[in-house]
Amino acid sequence: MPSLTHAPVLIVVVLLLAAFVTPLLGKRESAVNAVFLGAGLSAFALTLRMTMQVLAQGTLSYPVGGWPAPYGIVVWVDVFAAFSSLVIATVSLIISWFAVCGPREVRNNSAYFTLILLLTAAMQGMVMAGDLFNLFVFIEISSLAAIAIIAIKGTKESVEASFRYLVLSALGSGGLLFGIALIFMITGHLNMDYIRATLTITATQYPLNLLTAIGLMVVGFGVKAALFPMHVWLPDAHSNAPTASSALLSGLVVKVYIIALMRIAYLALGLEIFALLPVRHLFLALSTGALLVGSVFAMVQDNVKRLLAFSTVAQVGYIFLGFGLFSQRAIEGGVLHILNHAVMKSLLFLTAGVIIQQTGIKKLSQFNGLGRRMPLTFAAFAVGAMSMVGIPGTAGFISKLYLALGALDADMMIFAVFILISSLLNAAYYFPIIISAFFGSESEVAATEPATSVLAPIAMLVSMVFFFGLFPSLMVPLVRQTAHLFVR
Amino acid sequence: MDIIERLWANIYYLASVILFIIGFHTMLTHNNLLKKIMGMNIMDTSLFLFFVAIGYIRGGQAPILREGVVQYVNPVPSALILTGIVISVSFTAFALALVVLLHRQYGTIDADKIIALRSKRHA
Amino acid sequence: MQPTSWSLTLPILVPLFLAIVIYAVERRSWQLRNGLSVLAALASFLLVARHYNAIMDDTTLIAEFPDLLPPLGLSFRMDYLAFLVAAVVSFVWLAVTIYSTAYMVKEHAKNRYYPFSVLTLAGAMGVVLSGDLFTFFLFFEVMSLSAYVLVIHEETAQAMRAGYRYLILTIIGGLALLFAIIAVFQGAGTVAFTPGGLPLEVTGLTILAFLGFLVGFGIKAGMVPLHVWLPEAHPVAPSPASALLSGLMLKTGAFGLIRVVYQIFGLDMVQRAGWNDLLVWMAAITVFLGSAVAVTQDEVKRRLAYSSVGQMGYILLGIGLLQERALIGAIFHIFAHALMKSSLFLAAGSVIYRTGKRRVSEWVGMGRSMLVTMTVFTVAALSMVGVPPLVGFVSKWELALGALDAGSIPFVMLLLLSSLMNFIYYFPLIQNAFFGEGIAHVEQPRAKRPEVPWAMLLPMVVLGLVILVIDLLPYNVALELAERAAHALFLAK
């Protein structure tokens with residue numbers, strides 16, 4: 001079917017079109033919901049088809065508008081892009097489902113959904129981009145949308161948190177744009193393939209420009225991906241947002257920047273050039289910091305959403321660790337964790353949101369006994385928590401296993417130990433929540449289970465946690481081929 | 001002297017970098033939220049200057065096809081920058097809207113004061 | 001070696017499935033809940049026992065599922081060792097579950113207890129029937145985590161503290177195991193239990209791996225100094241759960257150690273590296289300290305808990321001596337202690353159920369008021385001391401012979417000394433109960449009613465009978481299995 005060759009672009013277009021239409025529908029709830037979910041479903045179907053196509057036929061190179069490179073913009077869908085695209089489409093669809101059926105935290109749903117559609121469209125465009133400036137544009141759109149879905153909550157804290165996010169994000173974007181400018185300066189191209197080809201010649205002529213560009217891009221993306229120590233905006237931003245936004249931000253948004261950076265690394269720069277700066281060692285050091293600092297700060301939090309946000313800081317560290325270790329299995333682990341954490345963290349945030357909505361309680365010290373009133377909700381939270389700790393049978397275990405094996409492959413056993421220690425730290429702040437909820441003293445709070453329609457997306461995520469924990473073989477071919485893009 | 005000559009030849013880039021640093025620094029250190037936004041604008045504009053300077057070729061003509069022109073200026077960066085300016089404007093508009101909201105909620109646009117007010121309320 | 005697919009996984013899958021079913025139906029019918037729980041244990045036992053002929057025929061049954069959970073895959077294995085341990089675990093679990101249907105009547109949160117008890121059974125069976133370290137680890141975690149719910153059942157402050165300590169140590173142990181498993185995988189490319197051991201060299205990594213195994217299994221088995229969770233956790237749980245924890249779950253740690261020493265590292269490597277020395281000394285300390293501290297405990301269940309620490313030390317010693325007879329002793333003691341300790345806890349539970357008296361000092365004259373219970377207790381206790389012809393004697397005998405084979409007289413002395421200490425902490429209890437001054441104030445049961453409900457009485461008596469009689473039978477099937485198991489492990493078959 002002819003339309004399928006246009007799948008990469010269609011994904012973005014469908015979401016953008018829906019984003020344009022939604023505000024026009026005004027207050028008509030059912031229409032807004034229908035367009036919102038319909039767009040998400042179509043995007044999901046398209047990504048699925050595209051992924052299968054990429055697995056079967058190899059990389060899809062799509063010149064937008066038919067204009068060939070280097071004059072036109074190229075969309076480059078390789079295994080990594082297909083995988084990322086699929087993850088984004090799936091998880092955002094489930095979160096959107098929750099946003100529609102779940103507790104109402106935002107007054108103006110049509111505006112909210114518009115923003116989410118824009119965000120998703122931009123993320124999809126980002127992971128598939130084959131052109132540096134196109135990538136930049138999508139990065140900016142996603143940043144703006146991400147900031148907006150925090151601010152839309154309207155409370156004092158959320159506005160302040162979103163402004164701080166805006167400032168730091170702008171700094172990151174600035175650095176990023178500067179890096180892109182420097183690369184454009186020495187290669188004259190913005191198409192990633194062409195840049196890579198040109199750099200083999202010009203890299204030696206302008207080493208300083210290149211190094212500065214790489215450094216700026218690492219910092220720029222690092223700020224947006226909340227890599228320690230540039231994570232300081234994250235706890236406020238993710239905890240003061242509406243629940244669906246927190247899930248989107250923690251689960252997807254921070255990851256796409258890592259994906260974008262790594263794509264630039266092997267597509268635009270070429271891995272040898274990327275290695276001119278000791279980025280690997282930087283990743284290793286900073287990810288260790290992230291693991292430790294994220295977990296330590298999480299342990300002292302009383303607000304459940306802040307705890308989850310700090311946990312994200314630590315989990316992002318795992319992904320960077322996978323790329324820092326740079327062995328086949330470590331990268332597989334890091335890439336798998338993009339998926340696994342997206343599922344786990346969304347599950348945790350969504351259940352937390354439900355708990356807060358049903359009970360009015362945000363503080364963990366007041367969670368005692370709630371598990372007995374809302375067993376299904378807390379069971380779902382427990383599943384997410386166990387997956388974070390890395391209990392075998394859950395998705396989180398698989399990524400940690402691969403990362404640990406990868407650490408040993410890379411002859412850096414110490415990191416395997418770090419991974420295990422961080423599992424222990426994770427247990428130290430997740431398990432007490434569950435124990436207090438199920439076995440704690442009786443609570444005086446009136447708490448009931450939410451409606452089934454609210455629990456349905458959560459149940460979906462729970463089954464995905466188990467599914468990817470027991471049958472990871474489904475994702476393995478995608479992940480393995482992705483790792484091959486980096487390591488032979 | 002060689003240094004001065006090199007610097008003068010790359011004056012646009014130099015100016016751009018200086019402006020970038022000014023904008024970056026302003027964003028980070030100034031407390032007044034409006035100044036932060038101005039810093040963001042300066043930083044973005046400096047990058048636009050950088051891009052456009054990349055495209056500039058001494059002695060080149062404006063990139064419109066016509067008779068008798070030997071050398072055109074590279075049109076690509078200018079086209080890119082138009083997009084970039086739009087992005088910058090959107091961010092500025094959004095940031096300003098947030099500042100208005102913040103002022104309404106906290107009564108001040110000083111970042112330090114806002115943090116103090118926030119922690120006082122949380123305490 | 002005949003590959004058999006699904007039948008090996010049934011003893012695990014059936015309880016797992018039933019646990020979910022029990023959770024679903026228990027609100028509607030408690031009879032169904034209790035019945036299904038007993039059924040789970042019974043089914044597990046029968047599904048293990050039916051392989052008896054195949055196993056005795058010298059076959060090792062293996063089931064492999066490499067596509068599940070790559071890169072390591074799952075596999076299951078039933079050889080002599082696994083058969084014996086799985087059979088005794090499911091049998092005792094059956095007895096304890098029948099017992100709990102009566103005991104738990106006085107307890108709260110029964111709807112939580114039963115499904116998690118069955119889930120722990122599924123985990124334990126998975127551990128014992130595992131064919132490689134990864135499968136072992138998976139079910140080990142399932143078992144340990146669901147046992148947490150049993151530990152904190154009472155939800156008192158003390159229970160929560162004990163549970164917290166248990167949980168922390170379980171997690172640390174699990175991580176240590178995971179590290180060790182990963183290191184082995186790195187070094188050998190596989191983690192399957194291979195007779196004779198995997199081709200591994202003694203490197204820094206494998207040394208750390210062995211230490212990881214020692215810590216992980218040691219925590220579970222209650223090896224000193226990693227035992228610190230045990231004396232808190234076992235007493236604080238409801239008595240049938242204590243029987244499960246002390247009688248059965250501890251053994252999985254020792255089981256894992258046997259597998260690792262003989263079928264991952266291999267006898268030769270362990271000997272070359274000198275790891276057995278470390279193990280033997282840790283075991284000896286465990287035997288000594290466990291027995292010594294038991295003497296000082298007034299609360300009966302705590303005394304039994306420390307006794308378990310000491311007894312596990314015997315098993316660890318038997319593994320570490322690297323002699324066939326010692327290994328026979330160790331494996332047989334897994335069987336024997338499972339029976340003995342569970343009977344002791346069930347009997348203690350019966351006393352607590354009737355009278356609420358938990359302290360040795362309060363058990364004065366209990367023998368007169370609860371004759372059957374205390375008789376079972378006495379039989380089991382004497383067996384612990386090692387009085388022939390009770391089952392406990394055989395294991396100590398084999399262990400002593402094994403120590404002699406290894407040429408270490410000190411360990412024989414240790415065995416004798418610890419038997420004496422066992423006597424010191426069991427005998428006064430028995431003497432007090434039967435010949436003590438005064439009668440424990442126990443409401444006399446109505447005429448024609450037994451001292452505790454039949455459901456509690458019967459399992460105790462059956463276990464007691466097995467302890468009494470099995471060594472007297474012309475064919476001691478458990479000993480036979482233990483001998484063959486040790487032989488097979490030694491011969492690397």
# chains A, B, ... in the order shown; residues from 1 in each chain; ligands from 1
call {"tool": "interface_residues", "arguments": {"of": "chain C", "to": "chain A", "cutoff": "7 Å", "atoms": "only C-alpha atoms", "output": "PDB file with C-alpha atoms, in the first residue's frame"}}
result
ATOM      1  CA  LEU C  68      11.890 -18.215  28.218  1.00  0.00           C
ATOM      2  CA  LEU C  69      13.830 -15.278  29.593  1.00  0.00           C
ATOM      3  CA  PRO C  70      16.877 -15.094  27.393  1.00  0.00           C
ATOM      4  CA  LEU C 138      14.151 -16.574  40.189  1.00  0.00           C
ATOM      5  CA  GLU C 155       1.675  -7.192  62.423  1.00  0.00           C
ATOM      6  CA  ILE C 171      17.507  -8.500  49.541  1.00  0.00           C
ATOM      7  CA  ILE C 172      21.210  -8.269  50.306  1.00  0.00           C
ATOM      8  CA  LEU C 175      21.918  -9.323  45.335  1.00  0.00           C
ATOM      9  CA  ILE C 182      26.539 -13.140  36.801  1.00  0.00           C
ATOM     10  CA  GLN C 186      30.755 -14.420  32.637  1.00  0.00           C
TER      11      GLN C 186
END
call {"tool": "closest_atom_pairs", "arguments": {"of": "stretch 341-395 of chain C", "to": "stretch 87-110 of chain C", "cutoff": "10 Å", "atoms": "only C-alpha atoms", "output": "JSON lines"}}
result
{"residue": "C:Ser342", "atom": "CA", "partner": "C:Val92", "partner_atom": "CA", "distance": 7.5}
{"residue": "C:Ser343", "atom": "CA", "partner": "C:Val96", "partner_atom": "CA", "distance": 9.0}
{"residue": "C:Phe345", "atom": "CA", "partner": "C:Val96", "partner_atom": "CA", "distance": 9.8}
{"residue": "C:Leu346", "atom": "CA", "partner": "C:Val96", "partner_atom": "CA", "distance": 7.6}
{"residue": "C:Gly349", "atom": "CA", "partner": "C:Tyr103", "partner_atom": "CA", "distance": 8.0}
{"residue": "C:Ser350", "atom": "CA", "partner": "C:Tyr103", "partner_atom": "CA", "distance": 7.8}
{"residue": "C:Ile352", "atom": "CA", "partner": "C:Tyr103", "partner_atom": "CA", "distance": 9.9}
{"residue": "C:Tyr353", "atom": "CA", "partner": "C:Tyr103", "partner_atom": "CA", "distance": 7.0}
{"residue": "C:Arg354", "atom": "CA", "partner": "C:Tyr103", "partner_atom": "CA", "distance": 9.9}
call {"tool": "residues_around", "arguments": {"residues": "B:Gln71", "least_positions_apart": "4", "cutoff": "12 Å", "atoms": "only C-alpha atoms", "output": "number ranges by chain"}}
result
B: 56-67, 75
call {"tool": "interface_residues", "arguments": {"of": "chain B", "to": "chain A", "cutoff": "8 Å", "atoms": "only C-alpha atoms", "output": "list in words"}}
result
Phe24, Met27, Lys36, Met40, Met43, Asp44, Leu47, Phe50, Phe51, Ile54, Leu80, Thr83, Gly84, Ile87, Phe91, Ala95, Leu98, Val99, Leu101, Leu102, Gln105, Tyr106 and Arg118 of chain B
call {"tool": "closest_residue", "arguments": {"among": "C:Leu317, C:Lys396, C:Ala284, C:Trp275", "to": "C:Val261", "atoms": "only C-alpha atoms"}}
result
C:Trp275
call {"tool": "residues_around", "arguments": {"residues": "C:Ala485", "least_positions_apart": "6", "cutoff": "9 Å", "atoms": "only C-alpha atoms", "output": "compact mmCIF listing (two decimals) with C-alpha atoms, in the first residue's frame"}}
result
# COMPACT_ATOMS: atom_id res chain seq x y z
CA ASP C 79 17.99 -36.07 40.34
CA TYR C 80 18.31 -38.00 43.59
CA LEU C 81 19.04 -34.88 45.59
CA ALA C 82 16.22 -32.86 44.12
CA LEU C 84 14.52 -36.26 48.15
CA LEU C 327 27.60 -35.40 52.36
CA ILE C 328 25.27 -38.32 52.99
CA ILE C 331 21.62 -34.53 52.79
call {"tool": "select_by_dssp", "arguments": {"residues": "chain B", "states": "helix (DSSP H, G or I)", "output": "MDAnalysis selection string"}}
result
chainID B and resid 2:9 11:29 33:55 75:106 111:122
call {"tool": "residues_around", "arguments": {"residues": "A:Phe228", "least_positions_apart": "3", "cutoff": "6 Å", "atoms": "only C-alpha atoms", "output": "number ranges by chain"}}
result
A: 231, 286, 290
call {"tool": "write_last_selection", "arguments": {"atoms": "N, CA and C atoms", "output": "PDB file, in the first residue's frame"}}
result
ATOM      1  N   HIS A 231      20.447  17.781  36.750  1.00  0.00           N
ATOM      2  CA  HIS A 231      19.106  17.244  36.943  1.00  0.00           C
ATOM      3  C   HIS A 231      18.250  18.116  37.835  1.00  0.00           C
ATOM      4  N   LEU A 286      29.297  10.260  35.626  1.00  0.00           N
ATOM      5  CA  LEU A 286      28.065  10.968  35.946  1.00  0.00           C
ATOM      6  C   LEU A 286      26.918  10.013  36.241  1.00  0.00           C
ATOM      7  N   ALA A 290      24.539   9.838  39.360  1.00  0.00           N
ATOM      8  CA  ALA A 290      23.078   9.861  39.262  1.00  0.00           C
ATOM      9  C   ALA A 290      22.470   8.735  40.086  1.00  0.00           C
TER      10      ALA A 290
END
call {"tool": "decode", "arguments": {"residues": "stretch 259-400 of chain A", "atoms": "C-alpha atoms", "output": "PDB file, in the first residue's frame"}}
result
ATOM      1  CA  ILE A 259      18.189   8.855  22.090  1.00  0.00           C
ATOM      2  CA  ALA A 260      18.763  12.016  20.073  1.00  0.00           C
ATOM      3  CA  LEU A 261      22.263  12.478  21.451  1.00  0.00           C
ATOM      4  CA  MET A 262      23.253   8.914  20.681  1.00  0.00           C
ATOM      5  CA  ARG A 263      21.789   9.156  17.213  1.00  0.00           C
ATOM      6  CA  ILE A 264      23.884  12.209  16.549  1.00  0.00           C
ATOM      7  CA  ALA A 265      26.833  10.255  17.881  1.00  0.00           C
ATOM      8  CA  TYR A 266      26.688   7.444  15.408  1.00  0.00           C
ATOM      9  CA  LEU A 267      24.827   9.060  12.507  1.00  0.00           C
ATOM     10  CA  ALA A 268      26.148  12.578  12.310  1.00  0.00           C
ATOM     11  CA  LEU A 269      29.511  12.383  13.939  1.00  0.00           C
ATOM     12  CA  GLY A 270      30.574   8.809  13.618  1.00  0.00           C
ATOM     13  CA  LEU A 271      31.633   6.882  16.676  1.00  0.00           C
ATOM     14  CA  GLU A 272      35.372   7.423  16.302  1.00  0.00           C
ATOM     15  CA  ILE A 273      34.947  11.161  16.243  1.00  0.00           C
ATOM     16  CA  PHE A 274      32.479  11.095  19.086  1.00  0.00           C
ATOM     17  CA  ALA A 275      35.137   9.291  21.055  1.00  0.00           C
ATOM     18  CA  LEU A 276      37.557  12.199  20.615  1.00  0.00           C
ATOM     19  CA  LEU A 277      36.137  13.596  23.802  1.00  0.00           C
ATOM     20  CA  PRO A 278      36.174  11.189  26.764  1.00  0.00           C
ATOM     21  CA  VAL A 279      32.398  11.056  26.654  1.00  0.00           C
ATOM     22  CA  ARG A 280      32.290   7.417  27.718  1.00  0.00           C
ATOM     23  CA  HIS A 281      34.160   8.094  30.902  1.00  0.00           C
ATOM     24  CA  LEU A 282      32.065  11.145  31.521  1.00  0.00           C
ATOM     25  CA  PHE A 283      28.947   9.032  31.198  1.00  0.00           C
ATOM     26  CA  LEU A 284      30.327   6.419  33.553  1.00  0.00           C
ATOM     27  CA  ALA A 285      31.235   8.929  36.211  1.00  0.00           C
ATOM     28  CA  LEU A 286      28.065  10.968  35.946  1.00  0.00           C
ATOM     29  CA  SER A 287      25.766   7.969  35.805  1.00  0.00           C
ATOM     30  CA  THR A 288      27.288   6.613  38.985  1.00  0.00           C
ATOM     31  CA  GLY A 289      26.635   9.970  40.554  1.00  0.00           C
ATOM     32  CA  ALA A 290      23.078   9.861  39.262  1.00  0.00           C
ATOM     33  CA  LEU A 291      22.501   6.382  40.678  1.00  0.00           C
ATOM     34  CA  LEU A 292      23.769   7.357  44.082  1.00  0.00           C
ATOM     35  CA  VAL A 293      22.433  10.875  44.388  1.00  0.00           C
ATOM     36  CA  GLY A 294      19.062  10.014  42.894  1.00  0.00           C
ATOM     37  CA  SER A 295      18.554   7.139  45.270  1.00  0.00           C
ATOM     38  CA  VAL A 296      19.865   8.916  48.332  1.00  0.00           C
ATOM     39  CA  PHE A 297      17.622  11.922  47.779  1.00  0.00           C
ATOM     40  CA  ALA A 298      14.670   9.676  47.017  1.00  0.00           C
ATOM     41  CA  MET A 299      15.044   8.012  50.371  1.00  0.00           C
ATOM     42  CA  VAL A 300      14.452  11.212  52.300  1.00  0.00           C
ATOM     43  CA  GLN A 301      11.383  12.330  50.388  1.00  0.00           C
ATOM     44  CA  ASP A 302       7.981  12.368  51.992  1.00  0.00           C
ATOM     45  CA  ASN A 303       6.059  13.467  48.916  1.00  0.00           C
ATOM     46  CA  VAL A 304       5.410  10.415  46.789  1.00  0.00           C
ATOM     47  CA  LYS A 305       5.734  12.203  43.465  1.00  0.00           C
ATOM     48  CA  ARG A 306       9.026  13.797  44.432  1.00  0.00           C
ATOM     49  CA  LEU A 307      10.319  10.401  45.402  1.00  0.00           C
ATOM     50  CA  LEU A 308       9.364   9.062  41.995  1.00  0.00           C
ATOM     51  CA  ALA A 309      11.007  12.060  40.344  1.00  0.00           C
ATOM     52  CA  PHE A 310      14.309  11.480  42.118  1.00  0.00           C
ATOM     53  CA  SER A 311      14.017   7.848  41.221  1.00  0.00           C
ATOM     54  CA  THR A 312      13.863   8.953  37.590  1.00  0.00           C
ATOM     55  CA  VAL A 313      17.157  10.779  38.055  1.00  0.00           C
ATOM     56  CA  ALA A 314      18.709   7.521  39.174  1.00  0.00           C
ATOM     57  CA  GLN A 315      17.100   5.462  36.434  1.00  0.00           C
ATOM     58  CA  VAL A 316      18.276   7.832  33.723  1.00  0.00           C
ATOM     59  CA  GLY A 317      21.698   7.084  35.128  1.00  0.00           C
ATOM     60  CA  TYR A 318      21.234   3.436  34.148  1.00  0.00           C
ATOM     61  CA  ILE A 319      20.671   4.339  30.526  1.00  0.00           C
ATOM     62  CA  PHE A 320      23.742   6.550  30.434  1.00  0.00           C
ATOM     63  CA  LEU A 321      25.648   3.781  32.182  1.00  0.00           C
ATOM     64  CA  GLY A 322      24.701   1.392  29.422  1.00  0.00           C
ATOM     65  CA  PHE A 323      26.139   3.733  26.838  1.00  0.00           C
ATOM     66  CA  GLY A 324      29.139   4.510  28.980  1.00  0.00           C
ATOM     67  CA  LEU A 325      30.078   0.875  29.380  1.00  0.00           C
ATOM     68  CA  PHE A 326      29.785   0.512  25.616  1.00  0.00           C
ATOM     69  CA  SER A 327      29.745  -3.246  25.358  1.00  0.00           C
ATOM     70  CA  GLN A 328      27.110  -5.089  23.348  1.00  0.00           C
ATOM     71  CA  ARG A 329      25.096  -6.238  26.317  1.00  0.00           C
ATOM     72  CA  ALA A 330      25.469  -3.008  28.226  1.00  0.00           C
ATOM     73  CA  ILE A 331      23.997  -1.037  25.341  1.00  0.00           C
ATOM     74  CA  GLU A 332      21.256  -3.604  24.980  1.00  0.00           C
ATOM     75  CA  GLY A 333      20.522  -3.143  28.658  1.00  0.00           C
ATOM     76  CA  GLY A 334      20.510   0.631  28.370  1.00  0.00           C
ATOM     77  CA  VAL A 335      18.232   0.610  25.351  1.00  0.00           C
ATOM     78  CA  LEU A 336      15.909  -1.951  26.934  1.00  0.00           C
ATOM     79  CA  HIS A 337      15.760   0.240  29.971  1.00  0.00           C
ATOM     80  CA  ILE A 338      14.388   3.032  27.831  1.00  0.00           C
ATOM     81  CA  LEU A 339      11.380   0.832  27.273  1.00  0.00           C
ATOM     82  CA  ASN A 340      11.242  -0.801  30.676  1.00  0.00           C
ATOM     83  CA  HIS A 341      11.574   2.380  32.656  1.00  0.00           C
ATOM     84  CA  ALA A 342       9.004   4.107  30.481  1.00  0.00           C
ATOM     85  CA  VAL A 343       6.533   1.383  31.371  1.00  0.00           C
ATOM     86  CA  MET A 344       7.479   1.112  35.055  1.00  0.00           C
ATOM     87  CA  LYS A 345       7.683   4.803  35.815  1.00  0.00           C
ATOM     88  CA  SER A 346       4.416   5.539  34.036  1.00  0.00           C
ATOM     89  CA  LEU A 347       2.809   2.790  36.052  1.00  0.00           C
ATOM     90  CA  LEU A 348       4.140   4.258  39.276  1.00  0.00           C
ATOM     91  CA  PHE A 349       3.147   7.815  38.457  1.00  0.00           C
ATOM     92  CA  LEU A 350      -0.310   6.868  37.285  1.00  0.00           C
ATOM     93  CA  THR A 351      -1.012   4.786  40.388  1.00  0.00           C
ATOM     94  CA  ALA A 352       0.400   7.544  42.577  1.00  0.00           C
ATOM     95  CA  GLY A 353      -1.904   9.976  40.874  1.00  0.00           C
ATOM     96  CA  VAL A 354      -4.874   7.732  41.488  1.00  0.00           C
ATOM     97  CA  ILE A 355      -3.928   7.350  45.133  1.00  0.00           C
ATOM     98  CA  ILE A 356      -3.585  11.096  45.591  1.00  0.00           C
ATOM     99  CA  GLN A 357      -6.890  11.663  43.851  1.00  0.00           C
ATOM    100  CA  GLN A 358      -8.806   9.034  45.793  1.00  0.00           C
ATOM    101  CA  THR A 359      -7.391   9.811  49.219  1.00  0.00           C
ATOM    102  CA  GLY A 360      -6.119  13.378  49.049  1.00  0.00           C
ATOM    103  CA  ILE A 361      -2.897  12.144  50.617  1.00  0.00           C
ATOM    104  CA  LYS A 362       0.449  12.988  49.075  1.00  0.00           C
ATOM    105  CA  LYS A 363       2.732  12.302  51.980  1.00  0.00           C
ATOM    106  CA  LEU A 364       4.216   8.847  52.298  1.00  0.00           C
ATOM    107  CA  SER A 365       4.110   9.075  56.059  1.00  0.00           C
ATOM    108  CA  GLN A 366       0.328   9.017  55.774  1.00  0.00           C
ATOM    109  CA  PHE A 367       0.121   6.035  53.463  1.00  0.00           C
ATOM    110  CA  ASN A 368      -0.236   3.539  56.293  1.00  0.00           C
ATOM    111  CA  GLY A 369      -3.013   1.051  55.865  1.00  0.00           C
ATOM    112  CA  LEU A 370      -4.203   2.514  52.588  1.00  0.00           C
ATOM    113  CA  GLY A 371      -3.233  -0.642  50.780  1.00  0.00           C
ATOM    114  CA  ARG A 372      -5.966  -2.523  52.526  1.00  0.00           C
ATOM    115  CA  ARG A 373      -8.589  -0.025  51.353  1.00  0.00           C
ATOM    116  CA  MET A 374      -7.311   0.107  47.797  1.00  0.00           C
ATOM    117  CA  PRO A 375      -5.678  -3.260  47.251  1.00  0.00           C
ATOM    118  CA  LEU A 376      -5.755  -3.241  43.472  1.00  0.00           C
ATOM    119  CA  THR A 377      -4.237   0.202  43.140  1.00  0.00           C
ATOM    120  CA  PHE A 378      -1.511  -0.492  45.636  1.00  0.00           C
ATOM    121  CA  ALA A 379      -0.856  -3.901  44.168  1.00  0.00           C
ATOM    122  CA  ALA A 380      -0.198  -2.155  40.876  1.00  0.00           C
ATOM    123  CA  PHE A 381       2.127   0.259  42.653  1.00  0.00           C
ATOM    124  CA  ALA A 382       3.844  -2.707  44.279  1.00  0.00           C
ATOM    125  CA  VAL A 383       4.403  -4.311  40.898  1.00  0.00           C
ATOM    126  CA  GLY A 384       5.985  -1.110  39.620  1.00  0.00           C
ATOM    127  CA  ALA A 385       8.133  -0.851  42.719  1.00  0.00           C
ATOM    128  CA  MET A 386       9.303  -4.447  42.475  1.00  0.00           C
ATOM    129  CA  SER A 387      10.187  -3.857  38.873  1.00  0.00           C
ATOM    130  CA  MET A 388      12.255  -0.812  39.864  1.00  0.00           C
ATOM    131  CA  VAL A 389      14.116  -2.864  42.427  1.00  0.00           C
ATOM    132  CA  GLY A 390      14.715  -5.542  39.851  1.00  0.00           C
ATOM    133  CA  ILE A 391      12.832  -8.550  41.172  1.00  0.00           C
ATOM    134  CA  PRO A 392      13.116 -11.382  38.652  1.00  0.00           C
ATOM    135  CA  GLY A 393       9.957 -11.845  36.644  1.00  0.00           C
ATOM    136  CA  THR A 394       9.530  -8.112  36.153  1.00  0.00           C
ATOM    137  CA  ALA A 395      10.822  -5.954  33.349  1.00  0.00           C
ATOM    138  CA  GLY A 396      13.263  -4.038  35.504  1.00  0.00           C
ATOM    139  CA  PHE A 397      15.199  -7.193  36.262  1.00  0.00           C
ATOM    140  CA  ILE A 398      15.937  -7.853  32.625  1.00  0.00           C
ATOM    141  CA  SER A 399      17.501  -4.464  31.923  1.00  0.00           C
ATOM    142  CA  LYS A 400      19.559  -4.622  35.108  1.00  0.00           C
TER     143      LYS A 400
END
